[in-house]
Amino acid sequence: MGTQRVTDDLDRLLELLPDAVQEQLRAEEARQQLLEVVLDLGRLPEARYPGRALALGSTPLSREDLVAVVARIGQFGGDNRAGIERTLHRISAIRNRQGEVVGLTCRVGRAVFGTVAMVRDLLDGGQSLLLMGRPGVGKTTALREIARVLADELERRVVVIDTSNEIAGDGDIPHPAIGRARRMQVARPELQHQTMIEAVENHMPEVIVIDEIGTELEAQAARTIAERGVVLVATAHGNALANLIKNPTLSDLVGGIQAVTLGDEEARRRRSQKTVLERAADPTFPVAVEMHSRHRWAVHTDVAATVDQLLRGLQPRVQERELTAEGGVQLVDPPQSSGLLTPPSPRPSAGRPVSVPVSVPQTSAAEASPPAPPENTDVLQVLCCGITPRLVDETIRSHGWTARVVDDLSEADVVFSIRLGLSRQPSLRRQARDLGIPILVIKSDTLPQVTRAMARLLSRRASETAADAIAPDRASKDDEFAALEECRLAVEQVVMPQGRPVELLPRTERVLRMQADLVSRYQLRSDVFGQAEQSRLRVFPP
């Protein structure tokens with residue numbers, strides 16, 4: 001990856017300024033990292049740089065100088081912004097009560113090539129992406145390059161909704177910084193949401209790029225666009241995801257927040273009040289980036305999980321990325337888990353028991369509390385599959401057990417799963433067997449089940465006996481049960497009521513025959529697709 005390349009057409013902006021100001025900014029060192037030039041009537045002109053400001057000259061700005069600059073700029077829009085054709089510079093006006101211009105903020109616009117490396121892997125995934133950060137951190141600059149990469153390198157049909165002409169520059173011809181992406185200008189800022197919908201209906205984009213979603217109508221338009229299968233890349237007001245959750249206008253971007261009243265049993269299980277806040281729907285943007293600086297970003301690869309954790313008062317899992325001087329990307333700290341399983345690293349399997357799934361016998365709720373496991377100085381490391389890690393953590397803490405939840409299979413001593421959990425992640429089972437890691441299977445993800453299972457698991461580990469382990473044929477029966485249950489749910493919840501075909505997970509030849517027999521009992525038709533380990537059943541509607 002090459003280093004960053006910057007183009008700014010700075011001379012075209014400086015030509016508009018008073019001669020005295022141009023003279024002060026003629027030196028090359030005065031231009032480097034220049035953010036904006038501020039011209040206020042009766043005050044010294046000011047040049048602003050990251051973290052500092054510099055007065056230009058010793059003569060306050062006169063009304064004649066200000067009028068001359070405004071005359072060179074031309075027409076201001078309804079948002080009091082103007083630009084320079086085919087550049088990215090933005091000039092904003094401050095007016096008095098009579099509507100006369102008494103101040104100007106001349107913002108330097110730069111096309112920076114190279115920052116997209118921070119999120120290039122996310123663009124390949126084809127999910128909607130939301131950028132957040134304080135003003136001046138580079139959101140629009142990043143948005144501009146993302147549009148270019150999507151249009152030129154990934155060859156997507158990209159439409160840029162350019163409300164203030166800040167993304168693609170002023171004038172009717174877009175700036176080359178957005179590549180082959182098309183640009184739609186917005187007549188008035190309050191019409192941005194209508195232009196967003198118009199872009200989808202009239203121009204068949206695959207990706208829509210929007211700067212500054214700031215109103216409820218724009219948030220609703222964004223959800224409408226996402227529901228039509230169009231990818232969104234946008235910026236929003238707010239420094240972090242937590243700010244959006246508290247913002248009633250924009251919270252819909254991350255799924256919306258609703259108050260839910262829990263039943264007595266559920267409130268006791270969660271150890272919370274009966275009225276709690278929960279996410280109302282899937283986020284409009286599944287992936288979000290918090291831009292802490294121009295070179296350091298925090299990436300939320302699963303916005304839904306992050307919002308759920310924040311609402312429960314938990315620390316969200318986030319990945320910190322930093323742009324190196326060479327243009328590459330490095331992780332600032334070891335990545336925290338996004339909830340996805342990471343490929344296991346090789347490690348010795350000597351001394352491990354043969355990998356066989358372990359099933360916990362079901363007991364009634366009337367049974368006594370689970371036995372306390374014997375003392376053991378070793379910490380048992382548990383990887384959850386289909387079971388809420390928070391539930392296991394609560395169980396461990398409440399009983400003071402020497403165990404902890406891990407996110408990497410290579411660190412785990414045991415895989416803790418519900419029956420359907422393994423059927424949804426067949427690769428996990430293969431990896432666990434290759435590493436010699438036992439699999440503990442329980443029926444449901446409930447606190448009593450988890451508590452009894454953990455107690456028995458720790459007892460077996462302390463006694464170093466496999467007396468309670470079931471044979472592999474029992475494990476295969478669990479797989480068969482899960483496969484038939486998957487087939488039944490697909491038929492009863494999708495195929496028959498919705499009239500849509502469903503393709504089930506890959507199964508063995510024996511299990512496929514069992515699923516096909518079950519489908520025939522519903523008087524439906526099915527067929528097998530794929531070869532070898534990828535053979536799977538497709539169920540067709542009547």
# chains A, B, ... in the order shown; residues from 1 in each chain; ligands from 1
>>> residues_around(residues="Gly133 of chain A", least_positions_apart="6", cutoff="10 Å", atoms="only C-alpha atoms", output="VMD selection string")
chain A and resid 139 235 to 241 289 to 294 297
>>> write_last_selection(atoms="all heavy atoms", output="tab-separated table (two decimals), in the first residue's frame")
chain	number	residue	atom	x	y	z
A	139	LYS	N	-14.10	13.29	7.96
A	139	LYS	CA	-15.20	12.41	7.54
A	139	LYS	C	-15.50	12.58	6.05
A	139	LYS	O	-15.61	11.60	5.31
A	139	LYS	CB	-16.46	12.70	8.36
A	139	LYS	CG	-16.34	12.44	9.84
A	139	LYS	CD	-17.67	12.52	10.55
A	139	LYS	CE	-18.33	13.88	10.42
A	139	LYS	NZ	-17.57	14.93	11.11
A	235	THR	N	-22.12	9.78	6.59
A	235	THR	CA	-21.61	10.32	7.85
A	235	THR	C	-22.81	10.81	8.65
A	235	THR	O	-23.89	11.07	8.11
A	235	THR	CB	-20.65	11.50	7.61
A	235	THR	OG1	-21.36	12.57	6.97
A	235	THR	CG2	-19.49	11.08	6.74
A	236	ALA	N	-22.62	10.92	9.97
A	236	ALA	CA	-23.70	11.38	10.84
A	236	ALA	C	-23.12	12.23	11.95
A	236	ALA	O	-21.94	12.11	12.31
A	236	ALA	CB	-24.46	10.19	11.44
A	237	HIS	N	-23.94	13.12	12.48
A	237	HIS	CA	-23.52	13.95	13.59
A	237	HIS	C	-23.34	13.07	14.83
A	237	HIS	O	-24.15	12.21	15.12
A	237	HIS	CB	-24.57	15.02	13.88
A	237	HIS	CG	-24.82	15.93	12.72
A	237	HIS	ND1	-23.89	16.84	12.27
A	237	HIS	CD2	-25.89	16.07	11.90
A	237	HIS	CE1	-24.39	17.51	11.24
A	237	HIS	NE2	-25.59	17.04	10.99
A	238	GLY	N	-22.27	13.30	15.57
A	238	GLY	CA	-21.99	12.51	16.77
A	238	GLY	C	-20.59	11.95	16.72
A	238	GLY	O	-20.11	11.54	15.66
A	239	ASN	N	-19.94	11.95	17.88
A	239	ASN	CA	-18.56	11.48	17.94
A	239	ASN	C	-18.46	9.96	18.05
A	239	ASN	O	-17.44	9.38	17.72
A	239	ASN	CB	-17.84	12.10	19.15
A	239	ASN	CG	-17.70	13.61	19.00
A	239	ASN	OD1	-17.85	14.15	17.91
A	239	ASN	ND2	-17.44	14.28	20.11
A	240	ALA	N	-19.50	9.32	18.57
A	240	ALA	CA	-19.42	7.88	18.84
A	240	ALA	C	-20.80	7.25	18.70
A	240	ALA	O	-21.83	7.95	18.68
A	240	ALA	CB	-18.85	7.64	20.24
A	241	LEU	N	-20.80	5.93	18.64
A	241	LEU	CA	-22.06	5.20	18.52
A	241	LEU	C	-22.97	5.45	19.72
A	241	LEU	O	-24.19	5.51	19.59
A	241	LEU	CB	-21.75	3.71	18.39
A	241	LEU	CG	-22.72	2.85	17.59
A	241	LEU	CD1	-22.87	3.37	16.18
A	241	LEU	CD2	-22.25	1.41	17.56
A	289	VAL	N	-17.97	3.28	11.97
A	289	VAL	CA	-16.59	3.67	12.25
A	289	VAL	C	-16.61	4.96	13.05
A	289	VAL	O	-17.29	5.93	12.66
A	289	VAL	CB	-15.79	3.88	10.95
A	289	VAL	CG1	-14.41	4.45	11.25
A	289	VAL	CG2	-15.66	2.57	10.19
A	290	GLU	N	-15.90	4.98	14.18
A	290	GLU	CA	-15.69	6.20	14.95
A	290	GLU	C	-14.31	6.74	14.58
A	290	GLU	O	-13.29	6.09	14.83
A	290	GLU	CB	-15.77	5.92	16.44
A	290	GLU	CG	-17.13	5.41	16.90
A	290	GLU	CD	-17.11	4.97	18.35
A	290	GLU	OE1	-16.04	5.11	19.00
A	290	GLU	OE2	-18.13	4.48	18.85
A	291	MET	N	-14.26	7.94	14.00
A	291	MET	CA	-12.99	8.54	13.58
A	291	MET	C	-12.46	9.41	14.71
A	291	MET	O	-12.90	10.55	14.90
A	291	MET	CB	-13.20	9.34	12.29
A	291	MET	CG	-13.73	8.49	11.15
A	291	MET	SD	-14.06	9.42	9.63
A	291	MET	CE	-12.41	9.96	9.19
A	292	HIS	N	-11.52	8.87	15.47
A	292	HIS	CA	-10.95	9.62	16.59
A	292	HIS	C	-9.97	10.68	16.11
A	292	HIS	O	-9.82	11.73	16.74
A	292	HIS	CB	-10.26	8.66	17.55
A	292	HIS	CG	-11.21	7.66	18.16
A	292	HIS	ND1	-10.81	6.45	18.69
A	292	HIS	CD2	-12.55	7.69	18.30
A	292	HIS	CE1	-11.86	5.78	19.14
A	292	HIS	NE2	-12.92	6.51	18.92
A	293	SER	N	-9.27	10.41	15.04
A	293	SER	CA	-8.36	11.37	14.42
A	293	SER	C	-8.25	10.97	12.95
A	293	SER	O	-8.86	9.99	12.51
A	293	SER	CB	-6.99	11.36	15.10
A	293	SER	OG	-6.30	10.15	14.80
A	294	ARG	N	-7.46	11.73	12.20
A	294	ARG	CA	-7.31	11.41	10.78
A	294	ARG	C	-6.59	10.08	10.56
A	294	ARG	O	-6.67	9.50	9.47
A	294	ARG	CB	-6.56	12.54	10.06
A	294	ARG	CG	-7.38	13.81	9.94
A	294	ARG	CD	-6.63	14.90	9.19
A	294	ARG	NE	-7.47	16.08	9.03
A	294	ARG	CZ	-8.29	16.31	8.02
A	294	ARG	NH1	-8.38	15.41	7.04
A	294	ARG	NH2	-9.01	17.41	7.95
A	297	TRP	N	-8.88	5.15	13.79
A	297	TRP	CA	-10.32	4.89	13.72
A	297	TRP	C	-10.66	3.68	14.58
A	297	TRP	O	-9.88	2.73	14.72
A	297	TRP	CB	-10.76	4.61	12.28
A	297	TRP	CG	-10.55	5.74	11.31
A	297	TRP	CD1	-9.98	6.95	11.58
A	297	TRP	CD2	-10.90	5.76	9.93
A	297	TRP	NE1	-9.95	7.72	10.45
A	297	TRP	CE2	-10.51	7.01	9.42
A	297	TRP	CE3	-11.50	4.84	9.08
A	297	TRP	CZ2	-10.70	7.37	8.09
A	297	TRP	CZ3	-11.68	5.19	7.76
A	297	TRP	CH2	-11.29	6.45	7.27
>>> residues_around(residues="Met184 of chain A", least_positions_apart="2", cutoff="12 Å", atoms="only C-alpha atoms", output="VMD selection string")
chain A and resid 158 to 174 181 to 182 186 to 187 192 194 to 200 202 to 203 205 208 to 210
>>> write_last_selection(atoms="C-alpha atoms", output="short mmCIF file (atom, residue, chain, number, x, y, z; two decimals), in the first residue's frame")
data_model
loop_
_atom_site.label_atom_id
_atom_site.label_comp_id
_atom_site.auth_asym_id
_atom_site.auth_seq_id
_atom_site.Cartn_x
_atom_site.Cartn_y
_atom_site.Cartn_z
CA VAL A 158 -22.38 4.85 -7.13
CA VAL A 159 -24.51 8.00 -6.70
CA VAL A 160 -23.28 10.79 -4.40
CA ILE A 161 -25.97 12.94 -2.76
CA ASP A 162 -24.06 16.22 -2.53
CA THR A 163 -26.16 18.66 -0.50
CA SER A 164 -23.56 21.41 -0.05
CA ASN A 165 -21.29 20.44 -2.97
CA GLU A 166 -18.65 19.57 -0.41
CA ILE A 167 -18.05 15.99 -1.58
CA ALA A 168 -17.65 16.60 -5.31
CA GLY A 169 -16.93 20.34 -5.42
CA ASP A 170 -18.77 23.32 -6.78
CA GLY A 171 -20.07 23.62 -10.36
CA ASP A 172 -21.88 21.20 -12.62
CA ILE A 173 -18.87 18.96 -13.32
CA PRO A 174 -17.89 16.79 -10.31
CA ALA A 181 -19.30 8.08 -9.25
CA ARG A 182 -22.28 10.19 -10.31
CA VAL A 186 -29.64 19.16 -3.77
CA ALA A 187 -31.55 22.37 -4.34
CA GLN A 192 -31.91 16.03 0.99
CA GLN A 194 -36.27 13.54 -1.14
CA THR A 195 -33.16 13.50 -3.33
CA MET A 196 -32.00 10.30 -1.59
CA ILE A 197 -35.25 8.53 -2.51
CA GLU A 198 -35.20 10.01 -6.02
CA ALA A 199 -31.70 8.60 -6.60
CA VAL A 200 -32.93 5.08 -5.84
CA ASN A 202 -34.60 6.98 -10.97
CA HIS A 203 -30.96 5.98 -11.32
CA PRO A 205 -27.58 2.80 -7.88
CA ILE A 208 -25.52 5.77 -2.31
CA VAL A 209 -23.03 8.09 -0.58
CA ILE A 210 -24.43 10.78 1.74
#
>>> select_by_dssp(residues="segment 8-171 of chain A", states="strand (DSSP E or B)", output="short mmCIF file (atom, residue, chain, number, x, y, z; two decimals) with all heavy atoms, in the first residue's frame")
data_model
loop_
_atom_site.label_atom_id
_atom_site.label_comp_id
_atom_site.auth_asym_id
_atom_site.auth_seq_id
_atom_site.Cartn_x
_atom_site.Cartn_y
_atom_site.Cartn_z
N GLU A 36 -8.35 26.30 7.41
CA GLU A 36 -9.27 27.33 6.95
C GLU A 36 -8.71 28.71 7.23
O GLU A 36 -7.82 28.89 8.09
CB GLU A 36 -10.65 27.17 7.62
CG GLU A 36 -10.63 27.23 9.13
CD GLU A 36 -11.95 26.81 9.76
OE1 GLU A 36 -12.78 26.20 9.05
OE2 GLU A 36 -12.15 27.09 10.95
N VAL A 37 -9.22 29.69 6.49
CA VAL A 37 -8.89 31.10 6.70
C VAL A 37 -10.16 31.81 7.13
O VAL A 37 -11.20 31.68 6.46
CB VAL A 37 -8.31 31.73 5.42
CG1 VAL A 37 -8.04 33.22 5.65
CG2 VAL A 37 -7.04 31.01 4.99
N VAL A 38 -10.08 32.54 8.23
CA VAL A 38 -11.26 33.23 8.78
C VAL A 38 -11.10 34.72 8.54
O VAL A 38 -10.09 35.33 8.92
CB VAL A 38 -11.40 32.93 10.29
CG1 VAL A 38 -12.54 33.75 10.88
CG2 VAL A 38 -11.65 31.44 10.50
N LEU A 39 -12.13 35.33 7.92
CA LEU A 39 -12.14 36.77 7.64
C LEU A 39 -13.37 37.36 8.32
O LEU A 39 -14.50 37.13 7.89
CB LEU A 39 -12.21 37.03 6.13
CG LEU A 39 -11.10 36.40 5.26
CD1 LEU A 39 -11.38 36.67 3.79
CD2 LEU A 39 -9.73 36.94 5.66
N ASP A 40 -13.14 38.10 9.41
CA ASP A 40 -14.23 38.76 10.12
C ASP A 40 -14.04 40.27 10.06
O ASP A 40 -12.93 40.78 10.29
CB ASP A 40 -14.28 38.31 11.59
CG ASP A 40 -14.84 36.91 11.73
OD1 ASP A 40 -15.61 36.49 10.84
OD2 ASP A 40 -14.51 36.22 12.72
N GLU A 46 -7.30 35.40 10.11
CA GLU A 46 -6.73 34.31 10.91
C GLU A 46 -6.62 33.05 10.08
O GLU A 46 -7.54 32.69 9.34
CB GLU A 46 -7.64 34.05 12.13
CG GLU A 46 -7.10 33.10 13.14
CD GLU A 46 -8.03 32.97 14.34
OE1 GLU A 46 -8.98 32.16 14.26
OE2 GLU A 46 -7.84 33.69 15.34
N ALA A 47 -5.47 32.39 10.17
CA ALA A 47 -5.26 31.08 9.53
C ALA A 47 -5.31 30.01 10.62
O ALA A 47 -4.63 30.14 11.65
CB ALA A 47 -3.93 31.05 8.81
N ARG A 48 -6.10 28.96 10.38
CA ARG A 48 -6.25 27.90 11.39
C ARG A 48 -5.61 26.61 10.90
O ARG A 48 -5.81 26.20 9.75
CB ARG A 48 -7.74 27.68 11.70
CG ARG A 48 -8.38 28.88 12.38
CD ARG A 48 -9.85 28.66 12.67
NE ARG A 48 -10.42 29.80 13.38
CZ ARG A 48 -11.71 29.95 13.66
NH1 ARG A 48 -12.57 29.00 13.26
NH2 ARG A 48 -12.15 31.00 14.31
N TYR A 49 -4.88 26.00 11.82
CA TYR A 49 -4.18 24.74 11.57
C TYR A 49 -4.61 23.76 12.65
O TYR A 49 -5.24 24.15 13.64
CB TYR A 49 -2.66 24.95 11.63
CG TYR A 49 -2.14 25.98 10.65
CD1 TYR A 49 -2.09 27.33 10.98
CD2 TYR A 49 -1.69 25.60 9.38
CE1 TYR A 49 -1.62 28.28 10.09
CE2 TYR A 49 -1.21 26.54 8.48
CZ TYR A 49 -1.18 27.87 8.84
OH TYR A 49 -0.72 28.81 7.95
N ARG A 52 -4.00 24.86 16.42
CA ARG A 52 -3.49 26.21 16.62
C ARG A 52 -4.09 27.16 15.59
O ARG A 52 -4.64 26.74 14.58
CB ARG A 52 -1.96 26.25 16.52
CG ARG A 52 -1.42 25.88 15.16
CD ARG A 52 0.10 25.74 15.16
NE ARG A 52 0.62 25.37 13.84
CZ ARG A 52 1.06 26.22 12.94
NH1 ARG A 52 1.08 27.54 13.21
NH2 ARG A 52 1.51 25.81 11.77
N ALA A 53 -3.98 28.47 15.89
CA ALA A 53 -4.45 29.52 14.98
C ALA A 53 -3.37 30.59 14.89
O ALA A 53 -2.66 30.87 15.86
CB ALA A 53 -5.76 30.11 15.47
N LEU A 54 -3.27 31.23 13.73
CA LEU A 54 -2.20 32.21 13.48
C LEU A 54 -2.82 33.47 12.87
O LEU A 54 -3.52 33.40 11.86
CB LEU A 54 -1.15 31.62 12.52
CG LEU A 54 0.01 32.52 12.13
CD1 LEU A 54 0.88 32.81 13.34
CD2 LEU A 54 0.85 31.85 11.03
N ALA A 55 -2.56 34.63 13.51
CA ALA A 55 -3.04 35.90 12.97
C ALA A 55 -2.23 36.26 11.73
O ALA A 55 -1.02 36.07 11.68
CB ALA A 55 -2.93 36.99 14.02
N ARG A 81 -23.55 28.95 1.90
CA ARG A 81 -22.30 28.37 1.46
C ARG A 81 -22.09 28.66 -0.02
O ARG A 81 -23.04 28.73 -0.80
CB ARG A 81 -22.29 26.85 1.68
CG ARG A 81 -22.21 26.43 3.14
CD ARG A 81 -22.20 24.92 3.24
NE ARG A 81 -22.06 24.46 4.62
CZ ARG A 81 -21.99 23.19 4.98
NH1 ARG A 81 -22.06 22.24 4.06
NH2 ARG A 81 -21.85 22.86 6.24
N ALA A 82 -20.84 28.82 -0.39
CA ALA A 82 -20.47 28.97 -1.79
C ALA A 82 -19.21 28.15 -2.02
O ALA A 82 -18.59 27.65 -1.08
CB ALA A 82 -20.23 30.45 -2.13
N GLY A 83 -18.85 27.99 -3.30
CA GLY A 83 -17.66 27.20 -3.61
C GLY A 83 -16.94 27.76 -4.82
O GLY A 83 -17.33 28.78 -5.40
N GLU A 85 -15.65 26.53 -8.56
CA GLU A 85 -15.96 25.46 -9.50
C GLU A 85 -14.80 24.50 -9.69
O GLU A 85 -13.65 24.91 -9.85
CB GLU A 85 -16.37 26.05 -10.85
CG GLU A 85 -16.93 25.02 -11.80
CD GLU A 85 -17.62 25.65 -13.00
OE1 GLU A 85 -17.71 26.89 -13.05
OE2 GLU A 85 -18.07 24.88 -13.87
N ARG A 90 -14.69 25.19 0.41
CA ARG A 90 -16.02 25.64 0.83
C ARG A 90 -15.88 26.98 1.53
O ARG A 90 -15.04 27.15 2.40
CB ARG A 90 -16.64 24.62 1.79
CG ARG A 90 -18.08 24.95 2.16
CD ARG A 90 -18.59 24.01 3.23
NE ARG A 90 -18.02 24.32 4.53
CZ ARG A 90 -18.07 23.50 5.57
NH1 ARG A 90 -18.61 22.31 5.45
NH2 ARG A 90 -17.54 23.84 6.73
N ILE A 91 -16.73 27.92 1.14
CA ILE A 91 -16.72 29.25 1.73
C ILE A 91 -18.08 29.49 2.36
O ILE A 91 -19.12 29.42 1.68
CB ILE A 91 -16.41 30.33 0.67
CG1 ILE A 91 -15.06 30.02 0.02
CG2 ILE A 91 -16.40 31.72 1.30
CD1 ILE A 91 -14.77 30.86 -1.20
N SER A 92 -18.10 29.75 3.66
CA SER A 92 -19.35 29.93 4.40
C SER A 92 -19.43 31.37 4.91
O SER A 92 -18.42 31.93 5.36
CB SER A 92 -19.44 28.96 5.57
OG SER A 92 -19.31 27.62 5.12
N ALA A 93 -20.63 31.94 4.85
CA ALA A 93 -20.81 33.35 5.20
C ALA A 93 -21.50 33.49 6.55
O ALA A 93 -22.35 32.69 6.93
CB ALA A 93 -21.62 34.06 4.12
N ILE A 94 -21.12 34.57 7.28
CA ILE A 94 -21.84 35.01 8.48
C ILE A 94 -22.48 36.35 8.13
O ILE A 94 -21.81 37.26 7.65
CB ILE A 94 -20.89 35.16 9.68
CG1 ILE A 94 -20.26 33.81 10.05
CG2 ILE A 94 -21.62 35.76 10.87
CD1 ILE A 94 -19.24 33.89 11.17
N ARG A 95 -23.78 36.48 8.38
CA ARG A 95 -24.51 37.70 8.00
C ARG A 95 -25.02 38.44 9.24
O ARG A 95 -25.25 37.83 10.29
CB ARG A 95 -25.68 37.34 7.08
CG ARG A 95 -25.27 36.67 5.78
CD ARG A 95 -26.49 36.35 4.92
NE ARG A 95 -26.12 35.62 3.72
CZ ARG A 95 -25.78 36.19 2.57
NH1 ARG A 95 -25.77 37.53 2.48
NH2 ARG A 95 -25.45 35.47 1.52
N VAL A 101 -23.09 40.34 4.52
CA VAL A 101 -22.01 39.46 4.95
C VAL A 101 -21.02 40.24 5.82
O VAL A 101 -20.50 41.29 5.40
CB VAL A 101 -21.27 38.86 3.73
CG1 VAL A 101 -20.07 38.04 4.18
CG2 VAL A 101 -22.22 38.01 2.90
N VAL A 102 -20.77 39.74 7.03
CA VAL A 102 -19.82 40.39 7.94
C VAL A 102 -18.67 39.45 8.32
O VAL A 102 -17.77 39.84 9.08
CB VAL A 102 -20.52 40.88 9.22
CG1 VAL A 102 -21.51 42.00 8.89
CG2 VAL A 102 -21.22 39.72 9.93
N GLY A 103 -18.70 38.22 7.81
CA GLY A 103 -17.62 37.29 8.10
C GLY A 103 -17.62 36.14 7.11
O GLY A 103 -18.66 35.77 6.57
N LEU A 104 -16.44 35.59 6.86
CA LEU A 104 -16.29 34.46 5.95
C LEU A 104 -15.39 33.40 6.58
O LEU A 104 -14.38 33.73 7.23
CB LEU A 104 -15.68 34.90 4.61
CG LEU A 104 -16.51 35.83 3.72
CD1 LEU A 104 -15.65 36.29 2.54
CD2 LEU A 104 -17.77 35.13 3.23
N THR A 105 -15.78 32.13 6.39
CA THR A 105 -14.92 31.00 6.77
C THR A 105 -14.56 30.28 5.48
O THR A 105 -15.42 29.70 4.83
CB THR A 105 -15.63 30.04 7.73
OG1 THR A 105 -16.04 30.75 8.90
CG2 THR A 105 -14.71 28.90 8.12
N CYS A 106 -13.29 30.35 5.11
CA CYS A 106 -12.82 29.76 3.85
C CYS A 106 -12.15 28.43 4.18
O CYS A 106 -10.99 28.39 4.61
CB CYS A 106 -11.85 30.71 3.15
SG CYS A 106 -12.54 32.36 2.89
N ARG A 107 -12.88 27.35 4.00
CA ARG A 107 -12.42 26.01 4.37
C ARG A 107 -11.63 25.39 3.21
O ARG A 107 -12.12 25.34 2.07
CB ARG A 107 -13.61 25.12 4.72
CG ARG A 107 -13.28 23.74 5.22
CD ARG A 107 -12.77 23.80 6.66
NE ARG A 107 -12.55 22.48 7.20
CZ ARG A 107 -13.46 21.79 7.87
NH1 ARG A 107 -14.68 22.28 8.04
NH2 ARG A 107 -13.17 20.62 8.36
N ALA A 111 -8.37 16.56 -1.57
CA ALA A 111 -8.62 15.16 -1.95
C ALA A 111 -7.43 14.35 -1.46
O ALA A 111 -6.31 14.52 -1.93
CB ALA A 111 -8.75 15.05 -3.46
N VAL A 112 -7.66 13.49 -0.48
CA VAL A 112 -6.59 12.69 0.12
C VAL A 112 -6.78 11.25 -0.33
O VAL A 112 -7.81 10.63 -0.06
CB VAL A 112 -6.62 12.79 1.66
CG1 VAL A 112 -5.47 11.99 2.25
CG2 VAL A 112 -6.55 14.24 2.10
N PHE A 113 -5.79 10.71 -1.03
CA PHE A 113 -5.85 9.34 -1.53
C PHE A 113 -5.01 8.45 -0.62
O PHE A 113 -3.82 8.70 -0.44
CB PHE A 113 -5.32 9.27 -2.97
CG PHE A 113 -6.09 10.14 -3.92
CD1 PHE A 113 -5.72 11.45 -4.13
CD2 PHE A 113 -7.18 9.64 -4.60
CE1 PHE A 113 -6.42 12.27 -5.00
CE2 PHE A 113 -7.90 10.45 -5.48
CZ PHE A 113 -7.52 11.76 -5.68
N LEU A 129 -22.18 1.36 5.59
CA LEU A 129 -21.12 1.84 6.48
C LEU A 129 -21.43 3.25 6.94
O LEU A 129 -21.74 4.12 6.12
CB LEU A 129 -19.78 1.80 5.74
CG LEU A 129 -18.55 2.39 6.46
CD1 LEU A 129 -18.22 1.56 7.69
CD2 LEU A 129 -17.36 2.44 5.51
N LEU A 130 -21.35 3.48 8.25
CA LEU A 130 -21.60 4.79 8.84
C LEU A 130 -20.31 5.33 9.45
O LEU A 130 -19.65 4.64 10.22
CB LEU A 130 -22.68 4.69 9.92
CG LEU A 130 -23.10 6.00 10.58
CD1 LEU A 130 -23.81 6.91 9.58
CD2 LEU A 130 -24.01 5.73 11.79
N LEU A 131 -19.96 6.58 9.11
CA LEU A 131 -18.77 7.24 9.65
C LEU A 131 -19.21 8.31 10.64
O LEU A 131 -20.10 9.11 10.36
CB LEU A 131 -17.96 7.88 8.53
CG LEU A 131 -17.48 6.97 7.38
CD1 LEU A 131 -16.75 7.78 6.33
CD2 LEU A 131 -16.58 5.87 7.91
N MET A 132 -18.55 8.35 11.80
CA MET A 132 -18.85 9.35 12.83
C MET A 132 -17.55 10.00 13.29
O MET A 132 -16.48 9.41 13.19
CB MET A 132 -19.54 8.69 14.03
CG MET A 132 -20.89 8.09 13.72
SD MET A 132 -21.44 6.99 15.04
CE MET A 132 -20.28 5.64 14.83
N VAL A 158 -22.39 4.00 -8.32
CA VAL A 158 -22.38 4.85 -7.13
C VAL A 158 -23.01 6.20 -7.46
O VAL A 158 -22.69 6.82 -8.48
CB VAL A 158 -20.95 5.07 -6.61
CG1 VAL A 158 -20.96 5.95 -5.36
CG2 VAL A 158 -20.28 3.73 -6.30
N VAL A 159 -23.93 6.66 -6.59
CA VAL A 159 -24.51 8.00 -6.70
C VAL A 159 -24.20 8.75 -5.41
O VAL A 159 -24.48 8.26 -4.31
CB VAL A 159 -26.03 7.94 -6.92
CG1 VAL A 159 -26.63 9.34 -6.84
CG2 VAL A 159 -26.35 7.32 -8.28
N VAL A 160 -23.62 9.94 -5.54
CA VAL A 160 -23.28 10.79 -4.40
C VAL A 160 -24.37 11.84 -4.24
O VAL A 160 -24.66 12.58 -5.18
CB VAL A 160 -21.91 11.46 -4.60
CG1 VAL A 160 -21.62 12.43 -3.46
CG2 VAL A 160 -20.82 10.41 -4.71
N ILE A 161 -25.00 11.89 -3.07
CA ILE A 161 -25.97 12.94 -2.76
C ILE A 161 -25.19 14.10 -2.14
O ILE A 161 -24.78 14.03 -0.98
CB ILE A 161 -27.06 12.44 -1.79
CG1 ILE A 161 -27.67 11.13 -2.31
CG2 ILE A 161 -28.12 13.51 -1.58
CD1 ILE A 161 -28.36 11.26 -3.64
N ASP A 162 -24.98 15.16 -2.91
CA ASP A 162 -24.06 16.22 -2.53
C ASP A 162 -24.85 17.48 -2.17
O ASP A 162 -25.08 18.36 -3.01
CB ASP A 162 -23.09 16.50 -3.69
CG ASP A 162 -21.77 17.08 -3.21
OD1 ASP A 162 -21.63 17.29 -1.98
OD2 ASP A 162 -20.90 17.32 -4.04
N ASP A 170 -17.77 22.43 -6.24
CA ASP A 170 -18.77 23.32 -6.78
C ASP A 170 -18.82 23.19 -8.31
O ASP A 170 -17.90 22.69 -8.94
CB ASP A 170 -18.44 24.77 -6.39
CG ASP A 170 -19.68 25.64 -6.35
OD1 ASP A 170 -20.67 25.21 -5.75
OD2 ASP A 170 -19.65 26.74 -6.93
#
>>> closest_residue(among="A:Asp252, A:Glu201, A:Glu153, A:Glu480", to="Ala304 of chain A", atoms="only C-alpha atoms")
A:Asp252
>>> closest_atom_pairs(of="segment 74-139 of chain A", to="segment 313-336 of chain A", cutoff="10 Å", atoms="only C-alpha atoms", output="CSV")
residue,atom,partner,partner_atom,distance
A:Phe113,CA,A:Gly327,CA,9.7
A:Gly114,CA,A:Gly327,CA,6.4
A:Thr115,CA,A:Leu323,CA,7.5
A:Val116,CA,A:Gly327,CA,9.7
A:Ala117,CA,A:Val329,CA,6.7
A:Met118,CA,A:Val329,CA,6.1
A:Val119,CA,A:Arg321,CA,9.2
